[in-house]
>>> print(open('my_file-v3.cif').read())   # mmCIF, N, CA and C atoms and all ligand atoms
data_model
#
loop_
_atom_site.group_PDB
_atom_site.id
_atom_site.type_symbol
_atom_site.label_atom_id
_atom_site.label_comp_id
_atom_site.auth_asym_id
_atom_site.auth_seq_id
_atom_site.Cartn_x
_atom_site.Cartn_y
_atom_site.Cartn_z
ATOM 1 N N MET A 23 16.517 2.029 12.093
ATOM 2 C CA MET A 23 15.212 1.402 12.347
ATOM 3 C C MET A 23 15.386 -0.120 12.383
ATOM 4 N N THR A 24 14.777 -0.755 13.383
ATOM 5 C CA THR A 24 14.882 -2.212 13.478
ATOM 6 C C THR A 24 13.520 -2.863 13.263
ATOM 7 N N CYS A 25 13.553 -4.077 12.779
ATOM 8 C CA CYS A 25 12.348 -4.838 12.452
ATOM 9 C C CYS A 25 11.631 -5.284 13.728
ATOM 10 N N VAL A 26 10.308 -5.069 13.795
ATOM 11 C CA VAL A 26 9.544 -5.487 14.981
ATOM 12 C C VAL A 26 9.394 -7.011 15.013
ATOM 13 N N GLU A 27 9.568 -7.635 13.847
ATOM 14 C CA GLU A 27 9.387 -9.085 13.727
ATOM 15 C C GLU A 27 10.605 -9.859 14.235
ATOM 16 N N CYS A 28 11.787 -9.494 13.722
ATOM 17 C CA CYS A 28 12.980 -10.291 14.014
ATOM 18 C C CYS A 28 14.126 -9.472 14.616
ATOM 19 N N GLY A 29 13.956 -8.156 14.708
ATOM 20 C CA GLY A 29 15.005 -7.316 15.276
ATOM 21 C C GLY A 29 16.124 -6.998 14.302
ATOM 22 N N GLY A 30 15.961 -7.417 13.048
ATOM 23 C CA GLY A 30 16.964 -7.158 12.015
ATOM 24 C C GLY A 30 16.988 -5.694 11.606
ATOM 25 N N GLU A 31 17.982 -5.360 10.817
ATOM 26 C CA GLU A 31 18.137 -3.988 10.340
ATOM 27 C C GLU A 31 17.181 -3.751 9.166
ATOM 28 N N MET A 32 16.529 -2.567 9.165
ATOM 29 C CA MET A 32 15.630 -2.242 8.056
ATOM 30 C C MET A 32 16.238 -1.142 7.225
ATOM 31 N N GLU A 33 16.097 -1.260 5.902
ATOM 32 C CA GLU A 33 16.602 -0.190 5.050
ATOM 33 C C GLU A 33 15.478 0.388 4.208
ATOM 34 N N HIS A 34 15.645 1.673 3.863
ATOM 35 C CA HIS A 34 14.630 2.390 3.101
ATOM 36 C C HIS A 34 14.863 2.144 1.619
ATOM 37 N N ARG A 35 13.852 1.627 0.938
ATOM 38 C CA ARG A 35 13.978 1.264 -0.473
ATOM 39 C C ARG A 35 12.680 1.536 -1.198
ATOM 40 N N HIS A 36 12.755 1.410 -2.511
ATOM 41 C CA HIS A 36 11.538 1.444 -3.311
ATOM 42 C C HIS A 36 11.111 0.005 -3.556
ATOM 43 N N VAL A 37 9.830 -0.268 -3.333
ATOM 44 C CA VAL A 37 9.335 -1.631 -3.540
ATOM 45 C C VAL A 37 8.096 -1.601 -4.432
ATOM 46 N N THR A 38 7.810 -2.760 -5.013
ATOM 47 C CA THR A 38 6.561 -2.935 -5.736
ATOM 48 C C THR A 38 5.750 -3.920 -4.926
ATOM 49 N N THR A 39 4.550 -3.527 -4.577
ATOM 50 C CA THR A 39 3.767 -4.347 -3.665
ATOM 51 C C THR A 39 2.279 -4.291 -4.016
ATOM 52 N N GLU A 40 1.560 -5.329 -3.621
ATOM 53 C CA GLU A 40 0.104 -5.346 -3.799
ATOM 54 C C GLU A 40 -0.528 -5.528 -2.439
ATOM 55 N N GLU A 41 -1.408 -4.595 -2.087
ATOM 56 C CA GLU A 41 -2.049 -4.659 -0.771
ATOM 57 C C GLU A 41 -3.555 -4.591 -0.956
ATOM 58 N N PRO A 42 -4.320 -5.411 -0.198
ATOM 59 C CA PRO A 42 -5.758 -5.233 -0.202
ATOM 60 C C PRO A 42 -6.113 -4.097 0.762
ATOM 61 N N LEU A 43 -6.702 -3.038 0.234
ATOM 62 C CA LEU A 43 -7.068 -1.884 1.060
ATOM 63 C C LEU A 43 -8.524 -1.530 0.766
ATOM 64 N N GLY A 44 -9.357 -1.540 1.790
ATOM 65 C CA GLY A 44 -10.764 -1.173 1.619
ATOM 66 C C GLY A 44 -11.453 -1.986 0.537
ATOM 67 N N GLY A 45 -11.120 -3.267 0.437
ATOM 68 C CA GLY A 45 -11.760 -4.140 -0.543
ATOM 69 C C GLY A 45 -11.229 -3.983 -1.953
ATOM 70 N N VAL A 46 -10.193 -3.161 -2.102
ATOM 71 C CA VAL A 46 -9.595 -2.933 -3.417
ATOM 72 C C VAL A 46 -8.148 -3.406 -3.379
ATOM 73 N N ARG A 47 -7.722 -4.072 -4.438
ATOM 74 C CA ARG A 47 -6.310 -4.460 -4.506
ATOM 75 C C ARG A 47 -5.517 -3.285 -5.065
ATOM 76 N N LEU A 48 -4.593 -2.825 -4.289
ATOM 77 C CA LEU A 48 -3.801 -1.673 -4.677
ATOM 78 C C LEU A 48 -2.399 -2.145 -5.048
ATOM 79 N N ARG A 49 -2.061 -2.018 -6.325
ATOM 80 C CA ARG A 49 -0.718 -2.393 -6.753
ATOM 81 C C ARG A 49 0.115 -1.124 -6.850
ATOM 82 N N MET A 50 1.183 -1.072 -6.111
ATOM 83 C CA MET A 50 1.999 0.133 -6.058
ATOM 84 C C MET A 50 3.419 -0.155 -6.529
ATOM 85 N N GLU A 51 3.884 0.675 -7.442
ATOM 86 C CA GLU A 51 5.232 0.489 -7.978
ATOM 87 C C GLU A 51 6.125 1.612 -7.485
ATOM 88 N N ASN A 52 7.317 1.245 -7.112
ATOM 89 C CA ASN A 52 8.301 2.217 -6.616
ATOM 90 C C ASN A 52 7.817 2.971 -5.385
ATOM 91 N N LEU A 53 7.113 2.253 -4.532
ATOM 92 C CA LEU A 53 6.637 2.845 -3.286
ATOM 93 C C LEU A 53 7.789 2.888 -2.280
ATOM 94 N N PRO A 54 8.044 4.044 -1.663
ATOM 95 C CA PRO A 54 9.096 4.083 -0.646
ATOM 96 C C PRO A 54 8.631 3.321 0.593
ATOM 97 N N ALA A 55 9.426 2.383 1.041
ATOM 98 C CA ALA A 55 9.060 1.577 2.212
ATOM 99 C C ALA A 55 10.315 1.096 2.929
ATOM 100 N N TRP A 56 10.129 0.685 4.186
ATOM 101 C CA TRP A 56 11.227 0.095 4.952
ATOM 102 C C TRP A 56 11.174 -1.408 4.754
ATOM 103 N N VAL A 57 12.309 -1.993 4.432
ATOM 104 C CA VAL A 57 12.373 -3.433 4.190
ATOM 105 C C VAL A 57 13.429 -4.039 5.116
ATOM 106 N N CYS A 58 13.052 -5.121 5.802
ATOM 107 C CA CYS A 58 13.980 -5.796 6.708
ATOM 108 C C CYS A 58 14.994 -6.582 5.885
ATOM 109 N N THR A 59 16.288 -6.395 6.205
ATOM 110 C CA THR A 59 17.331 -7.088 5.449
ATOM 111 C C THR A 59 17.424 -8.554 5.878
ATOM 112 N N ARG A 60 16.803 -8.905 7.010
ATOM 113 C CA ARG A 60 16.888 -10.292 7.497
ATOM 114 C C ARG A 60 15.664 -11.118 7.089
ATOM 115 N N CYS A 61 14.449 -10.636 7.407
ATOM 116 C CA CYS A 61 13.261 -11.461 7.134
ATOM 117 C C CYS A 61 12.412 -10.938 5.971
ATOM 118 N N GLY A 62 12.741 -9.755 5.446
ATOM 119 C CA GLY A 62 12.027 -9.255 4.272
ATOM 120 C C GLY A 62 10.726 -8.547 4.585
ATOM 121 N N ARG A 63 10.411 -8.366 5.880
ATOM 122 C CA ARG A 63 9.197 -7.666 6.268
ATOM 123 C C ARG A 63 9.206 -6.244 5.694
ATOM 124 N N ARG A 64 8.053 -5.824 5.153
ATOM 125 C CA ARG A 64 7.937 -4.490 4.564
ATOM 126 C C ARG A 64 7.043 -3.624 5.420
ATOM 127 N N GLU A 65 7.436 -2.389 5.569
ATOM 128 C CA GLU A 65 6.626 -1.469 6.357
ATOM 129 C C GLU A 65 6.532 -0.127 5.636
ATOM 130 N N VAL A 66 5.278 0.279 5.391
ATOM 131 C CA VAL A 66 5.035 1.576 4.769
ATOM 132 C C VAL A 66 4.753 2.547 5.896
ATOM 133 N N SER A 67 5.252 3.764 5.805
ATOM 134 C CA SER A 67 5.061 4.716 6.898
ATOM 135 C C SER A 67 3.573 5.018 7.095
ATOM 136 N N GLY A 68 3.192 5.280 8.341
ATOM 137 C CA GLY A 68 1.797 5.497 8.717
ATOM 138 C C GLY A 68 1.042 6.493 7.850
ATOM 139 N N PRO A 69 1.583 7.718 7.697
ATOM 140 C CA PRO A 69 0.861 8.720 6.903
ATOM 141 C C PRO A 69 0.617 8.273 5.462
ATOM 142 N N VAL A 70 1.588 7.565 4.876
ATOM 143 C CA VAL A 70 1.418 7.075 3.501
ATOM 144 C C VAL A 70 0.305 6.036 3.451
ATOM 145 N N LEU A 71 0.310 5.125 4.434
ATOM 146 C CA LEU A 71 -0.710 4.078 4.482
ATOM 147 C C LEU A 71 -2.100 4.676 4.668
ATOM 148 N N VAL A 72 -2.220 5.668 5.544
ATOM 149 C CA VAL A 72 -3.506 6.339 5.783
ATOM 150 C C VAL A 72 -4.005 6.985 4.484
ATOM 151 N N ALA A 73 -3.098 7.628 3.757
ATOM 152 C CA ALA A 73 -3.468 8.282 2.496
ATOM 153 C C ALA A 73 -3.908 7.249 1.467
ATOM 154 N N LEU A 74 -3.249 6.105 1.417
ATOM 155 C CA LEU A 74 -3.603 5.059 0.454
ATOM 156 C C LEU A 74 -4.964 4.447 0.785
ATOM 157 N N GLU A 75 -5.219 4.259 2.086
ATOM 158 C CA GLU A 75 -6.525 3.736 2.495
ATOM 159 C C GLU A 75 -7.628 4.718 2.115
ATOM 160 N N ALA A 76 -7.360 6.018 2.314
ATOM 161 C CA ALA A 76 -8.335 7.051 1.967
ATOM 162 C C ALA A 76 -8.592 7.040 0.458
ATOM 163 N N LEU A 77 -7.523 6.841 -0.319
ATOM 164 C CA LEU A 77 -7.661 6.788 -1.773
ATOM 165 C C LEU A 77 -8.538 5.606 -2.195
ATOM 166 N N ALA A 78 -8.298 4.444 -1.608
ATOM 167 C CA ALA A 78 -9.081 3.247 -1.938
ATOM 168 C C ALA A 78 -10.549 3.463 -1.572
ATOM 169 N N ASP A 79 -10.799 4.058 -0.388
ATOM 170 C CA ASP A 79 -12.167 4.346 0.042
ATOM 171 C C ASP A 79 -12.845 5.330 -0.904
ATOM 172 N N ALA A 80 -12.105 6.377 -1.295
ATOM 173 C CA ALA A 80 -12.659 7.409 -2.173
ATOM 174 C C ALA A 80 -13.051 6.816 -3.527
ATOM 175 N N LEU A 81 -12.218 5.928 -4.052
ATOM 176 C CA LEU A 81 -12.506 5.320 -5.349
ATOM 177 C C LEU A 81 -13.723 4.404 -5.273
ATOM 178 N N ALA A 82 -13.848 3.689 -4.153
ATOM 179 C CA ALA A 82 -15.006 2.814 -3.973
ATOM 180 C C ALA A 82 -16.282 3.653 -3.854
ATOM 181 N N ALA A 83 -16.203 4.770 -3.096
ATOM 182 C CA ALA A 83 -17.358 5.655 -2.922
ATOM 183 C C ALA A 83 -17.744 6.294 -4.249
ATOM 184 N N GLU A 84 -16.760 6.696 -5.030
ATOM 185 C CA GLU A 84 -17.001 7.311 -6.332
ATOM 186 C C GLU A 84 -17.724 6.343 -7.268
ATOM 187 N N ALA A 85 -17.319 5.084 -7.249
ATOM 188 C CA ALA A 85 -17.953 4.072 -8.092
ATOM 189 C C ALA A 85 -19.422 3.912 -7.713
ATOM 190 N N GLN A 86 -19.711 3.951 -6.392
ATOM 191 C CA GLN A 86 -21.096 3.817 -5.922
ATOM 192 C C GLN A 86 -21.926 5.027 -6.321
ATOM 193 N N LEU A 87 -21.346 6.221 -6.172
ATOM 194 C CA LEU A 87 -22.035 7.467 -6.536
ATOM 195 C C LEU A 87 -22.434 7.450 -7.998
ATOM 196 N N GLY A 88 -21.543 6.946 -8.822
ATOM 197 C CA GLY A 88 -21.785 6.918 -10.261
ATOM 198 C C GLY A 88 -22.720 5.797 -10.660
ATOM 199 N N GLY A 89 -23.217 5.037 -9.674
ATOM 200 C CA GLY A 89 -24.156 3.968 -9.971
ATOM 201 C C GLY A 89 -23.495 2.738 -10.567
ATOM 202 N N LEU A 90 -22.188 2.648 -10.457
ATOM 203 C CA LEU A 90 -21.506 1.468 -10.976
ATOM 204 C C LEU A 90 -21.813 0.295 -10.049
ATOM 205 N N ALA A 91 -21.973 -0.858 -10.656
ATOM 206 C CA ALA A 91 -22.379 -2.032 -9.886
ATOM 207 C C ALA A 91 -21.351 -2.413 -8.825
ATOM 208 N N ARG A 92 -20.084 -2.224 -9.139
ATOM 209 C CA ARG A 92 -19.089 -2.625 -8.145
ATOM 210 C C ARG A 92 -17.908 -1.667 -8.107
ATOM 211 N N ALA A 93 -17.273 -1.686 -6.977
ATOM 212 C CA ALA A 93 -16.090 -0.855 -6.776
ATOM 213 C C ALA A 93 -14.951 -1.390 -7.635
ATOM 214 N N PRO A 94 -13.953 -0.566 -7.885
ATOM 215 C CA PRO A 94 -12.811 -1.067 -8.642
ATOM 216 C C PRO A 94 -12.156 -2.238 -7.916
ATOM 217 N N GLN A 95 -11.771 -3.233 -8.685
ATOM 218 C CA GLN A 95 -11.139 -4.419 -8.090
ATOM 219 C C GLN A 95 -9.657 -4.181 -7.822
ATOM 220 N N SER A 96 -9.069 -3.413 -8.687
ATOM 221 C CA SER A 96 -7.655 -3.157 -8.484
ATOM 222 C C SER A 96 -7.269 -1.792 -9.018
ATOM 223 N N ILE A 97 -6.302 -1.216 -8.389
ATOM 224 C CA ILE A 97 -5.808 0.105 -8.759
ATOM 225 C C ILE A 97 -4.303 -0.023 -8.914
ATOM 226 N N ARG A 98 -3.771 0.535 -9.979
ATOM 227 C CA ARG A 98 -2.330 0.489 -10.166
ATOM 228 C C ARG A 98 -1.783 1.885 -9.952
ATOM 229 N N LEU A 99 -0.868 1.995 -9.037
ATOM 230 C CA LEU A 99 -0.259 3.277 -8.706
ATOM 231 C C LEU A 99 1.221 3.183 -9.022
ATOM 232 N N ALA A 100 1.723 4.070 -9.811
ATOM 233 C CA ALA A 100 3.159 4.045 -10.083
ATOM 234 C C ALA A 100 3.755 5.400 -9.710
ATOM 235 N N THR A 101 4.758 5.386 -8.892
ATOM 236 C CA THR A 101 5.415 6.634 -8.524
ATOM 237 C C THR A 101 6.849 6.587 -9.006
ATOM 238 N N ARG A 102 7.374 7.705 -9.355
ATOM 239 C CA ARG A 102 8.731 7.765 -9.841
ATOM 240 C C ARG A 102 9.408 9.025 -9.356
HETATM 241 ZN ZN ZN B 1 12.796 -8.751 10.128
#
>>> encode(input="my_file-v3.cif", output="structure tokens", more="lines below")
Ligand SMILES: [Zn+2]
Amino acid sequence: MTCVECGGEMEHRHVTTEEPLGGVRLRMENLPAWVCTRCGRREVSGPVLVALEALADALAAEAQLGGLARAPQSIRLATR
């Protein structure tokens, strides 16, 4: 796999990253992702990203259903 940014080689690794998804900051530890060895660009596979976005949306919707004033600001996900 090559990097769309710089054309460098990408390797599959576990990373710790924080992404804003659906208005929620999602901190993920040991997330499998592709990382460019040249520019450091990170890419999470499509299906994983779609699932994470759905999770962030679900948590925000759940907070609203429960009458909570605001959605969760951050979610910590750790995979091992
Ligand atoms: Zn790159």
>>> resolve_selection(input="my_file-v3.cif", expression="the PyMOL selection byres (((chain A and resi 66) around 8) and not hetatm)", output="VMD selection string")
chain A and resid 53 to 57 63 to 65 67 to 72
>>> residues_near_point(input="my_file-v3.cif", point="(14.5, -13.3, 7.0)", cutoff="12 Å", atoms="only C-alpha atoms", output="PyMOL selection string")
chain A and resi 25+27-32+57-64
>>> write_last_selection(input="my_file-v3.cif", atoms="N, CA and C atoms", output="compact mmCIF listing (two decimals), in the frame of the given file")
# COMPACT_ATOMS: atom_id res chain seq x y z
N CYS A 25 13.55 -4.08 12.78
CA CYS A 25 12.35 -4.84 12.45
C CYS A 25 11.63 -5.28 13.73
N GLU A 27 9.57 -7.64 13.85
CA GLU A 27 9.39 -9.09 13.73
C GLU A 27 10.60 -9.86 14.24
N CYS A 28 11.79 -9.49 13.72
CA CYS A 28 12.98 -10.29 14.01
C CYS A 28 14.13 -9.47 14.62
N GLY A 29 13.96 -8.16 14.71
CA GLY A 29 15.00 -7.32 15.28
C GLY A 29 16.12 -7.00 14.30
N GLY A 30 15.96 -7.42 13.05
CA GLY A 30 16.96 -7.16 12.02
C GLY A 30 16.99 -5.69 11.61
N GLU A 31 17.98 -5.36 10.82
CA GLU A 31 18.14 -3.99 10.34
C GLU A 31 17.18 -3.75 9.17
N MET A 32 16.53 -2.57 9.16
CA MET A 32 15.63 -2.24 8.06
C MET A 32 16.24 -1.14 7.22
N VAL A 57 12.31 -1.99 4.43
CA VAL A 57 12.37 -3.43 4.19
C VAL A 57 13.43 -4.04 5.12
N CYS A 58 13.05 -5.12 5.80
CA CYS A 58 13.98 -5.80 6.71
C CYS A 58 14.99 -6.58 5.88
N THR A 59 16.29 -6.40 6.20
CA THR A 59 17.33 -7.09 5.45
C THR A 59 17.42 -8.55 5.88
N ARG A 60 16.80 -8.90 7.01
CA ARG A 60 16.89 -10.29 7.50
C ARG A 60 15.66 -11.12 7.09
N CYS A 61 14.45 -10.64 7.41
CA CYS A 61 13.26 -11.46 7.13
C CYS A 61 12.41 -10.94 5.97
N GLY A 62 12.74 -9.76 5.45
CA GLY A 62 12.03 -9.26 4.27
C GLY A 62 10.73 -8.55 4.58
N ARG A 63 10.41 -8.37 5.88
CA ARG A 63 9.20 -7.67 6.27
C ARG A 63 9.21 -6.24 5.69
N ARG A 64 8.05 -5.82 5.15
CA ARG A 64 7.94 -4.49 4.56
C ARG A 64 7.04 -3.62 5.42
>>> atom_distance(input="my_file-v3.cif", atom1="atom CA of Thr24 of chain A", atom2="atom CA of Glu75 of chain A")
24.8 Å
>>> select_by_dssp(input="my_file-v3.cif", residues="chain A", states="helix (DSSP H, G or I)", output="ChimeraX atom specification")
/A:68-87
>>> closest_residue(input="my_file-v3.cif", among="A:Met50, A:Ala76, A:Leu87, A:Met23", to="Thr38 of chain A", atoms="only C-alpha atoms")
A:Met50
>>> atom_distance(input="my_file-v3.cif", atom1="atom C of His36 of chain A", atom2="atom CA of Leu77 of chain A")
20.0 Å
>>> atom_distance(input="my_file-v3.cif", atom1="atom C of Ala80 of chain A", atom2="atom CA of Asn52 of chain A")
22.1 Å
>>> closest_residue(input="my_file-v3.cif", among="A:Leu99, A:Asp79, A:Gly89, A:Val26", to="Thr39 of chain A", atoms="only C-alpha atoms")
A:Leu99
>>> select_by_dssp(input="my_file-v3.cif", residues="chain A", states="strand (DSSP E or B)", output="tab-separated table (two decimals) with N, CA and C atoms, keeping the file's coordinate frame")
chain	number	residue	atom	x	y	z
A	24	THR	N	14.78	-0.76	13.38
A	24	THR	CA	14.88	-2.21	13.48
A	24	THR	C	13.52	-2.86	13.26
A	31	GLU	N	17.98	-5.36	10.82
A	31	GLU	CA	18.14	-3.99	10.34
A	31	GLU	C	17.18	-3.75	9.17
A	32	MET	N	16.53	-2.57	9.16
A	32	MET	CA	15.63	-2.24	8.06
A	32	MET	C	16.24	-1.14	7.22
A	33	GLU	N	16.10	-1.26	5.90
A	33	GLU	CA	16.60	-0.19	5.05
A	33	GLU	C	15.48	0.39	4.21
A	34	HIS	N	15.64	1.67	3.86
A	34	HIS	CA	14.63	2.39	3.10
A	34	HIS	C	14.86	2.14	1.62
A	35	ARG	N	13.85	1.63	0.94
A	35	ARG	CA	13.98	1.26	-0.47
A	35	ARG	C	12.68	1.54	-1.20
A	36	HIS	N	12.76	1.41	-2.51
A	36	HIS	CA	11.54	1.44	-3.31
A	36	HIS	C	11.11	0.00	-3.56
A	37	VAL	N	9.83	-0.27	-3.33
A	37	VAL	CA	9.34	-1.63	-3.54
A	37	VAL	C	8.10	-1.60	-4.43
A	38	THR	N	7.81	-2.76	-5.01
A	38	THR	CA	6.56	-2.94	-5.74
A	38	THR	C	5.75	-3.92	-4.93
A	39	THR	N	4.55	-3.53	-4.58
A	39	THR	CA	3.77	-4.35	-3.66
A	39	THR	C	2.28	-4.29	-4.02
A	40	GLU	N	1.56	-5.33	-3.62
A	40	GLU	CA	0.10	-5.35	-3.80
A	40	GLU	C	-0.53	-5.53	-2.44
A	41	GLU	N	-1.41	-4.60	-2.09
A	41	GLU	CA	-2.05	-4.66	-0.77
A	41	GLU	C	-3.56	-4.59	-0.96
A	42	PRO	N	-4.32	-5.41	-0.20
A	42	PRO	CA	-5.76	-5.23	-0.20
A	42	PRO	C	-6.11	-4.10	0.76
A	43	LEU	N	-6.70	-3.04	0.23
A	43	LEU	CA	-7.07	-1.88	1.06
A	43	LEU	C	-8.52	-1.53	0.77
A	46	VAL	N	-10.19	-3.16	-2.10
A	46	VAL	CA	-9.60	-2.93	-3.42
A	46	VAL	C	-8.15	-3.41	-3.38
A	47	ARG	N	-7.72	-4.07	-4.44
A	47	ARG	CA	-6.31	-4.46	-4.51
A	47	ARG	C	-5.52	-3.28	-5.07
A	48	LEU	N	-4.59	-2.82	-4.29
A	48	LEU	CA	-3.80	-1.67	-4.68
A	48	LEU	C	-2.40	-2.14	-5.05
A	49	ARG	N	-2.06	-2.02	-6.32
A	49	ARG	CA	-0.72	-2.39	-6.75
A	49	ARG	C	0.12	-1.12	-6.85
A	50	MET	N	1.18	-1.07	-6.11
A	50	MET	CA	2.00	0.13	-6.06
A	50	MET	C	3.42	-0.16	-6.53
A	51	GLU	N	3.88	0.68	-7.44
A	51	GLU	CA	5.23	0.49	-7.98
A	51	GLU	C	6.12	1.61	-7.48
A	52	ASN	N	7.32	1.25	-7.11
A	52	ASN	CA	8.30	2.22	-6.62
A	52	ASN	C	7.82	2.97	-5.38
A	53	LEU	N	7.11	2.25	-4.53
A	53	LEU	CA	6.64	2.84	-3.29
A	53	LEU	C	7.79	2.89	-2.28
A	54	PRO	N	8.04	4.04	-1.66
A	54	PRO	CA	9.10	4.08	-0.65
A	54	PRO	C	8.63	3.32	0.59
A	55	ALA	N	9.43	2.38	1.04
A	55	ALA	CA	9.06	1.58	2.21
A	55	ALA	C	10.32	1.10	2.93
A	56	TRP	N	10.13	0.68	4.19
A	56	TRP	CA	11.23	0.10	4.95
A	56	TRP	C	11.17	-1.41	4.75
A	57	VAL	N	12.31	-1.99	4.43
A	57	VAL	CA	12.37	-3.43	4.19
A	57	VAL	C	13.43	-4.04	5.12
A	58	CYS	N	13.05	-5.12	5.80
A	58	CYS	CA	13.98	-5.80	6.71
A	58	CYS	C	14.99	-6.58	5.88
A	64	ARG	N	8.05	-5.82	5.15
A	64	ARG	CA	7.94	-4.49	4.56
A	64	ARG	C	7.04	-3.62	5.42
A	65	GLU	N	7.44	-2.39	5.57
A	65	GLU	CA	6.63	-1.47	6.36
A	65	GLU	C	6.53	-0.13	5.64
A	96	SER	N	-9.07	-3.41	-8.69
A	96	SER	CA	-7.66	-3.16	-8.48
A	96	SER	C	-7.27	-1.79	-9.02
A	97	ILE	N	-6.30	-1.22	-8.39
A	97	ILE	CA	-5.81	0.10	-8.76
A	97	ILE	C	-4.30	-0.02	-8.91
A	98	ARG	N	-3.77	0.54	-9.98
A	98	ARG	CA	-2.33	0.49	-10.17
A	98	ARG	C	-1.78	1.88	-9.95
A	99	LEU	N	-0.87	2.00	-9.04
A	99	LEU	CA	-0.26	3.28	-8.71
A	99	LEU	C	1.22	3.18	-9.02
A	100	ALA	N	1.72	4.07	-9.81
A	100	ALA	CA	3.16	4.04	-10.08
A	100	ALA	C	3.76	5.40	-9.71
>>> axis_aligned_box(input="my_file-v3.cif", around="segment 56-63 of chain A", padding_each_side="4 Å", output="lines of an AutoDock Vina configuration file")
center_x = 13.3
center_y = -5.4
center_z = 5.8
size_x = 16.2
size_y = 20.1
size_z = 11.3
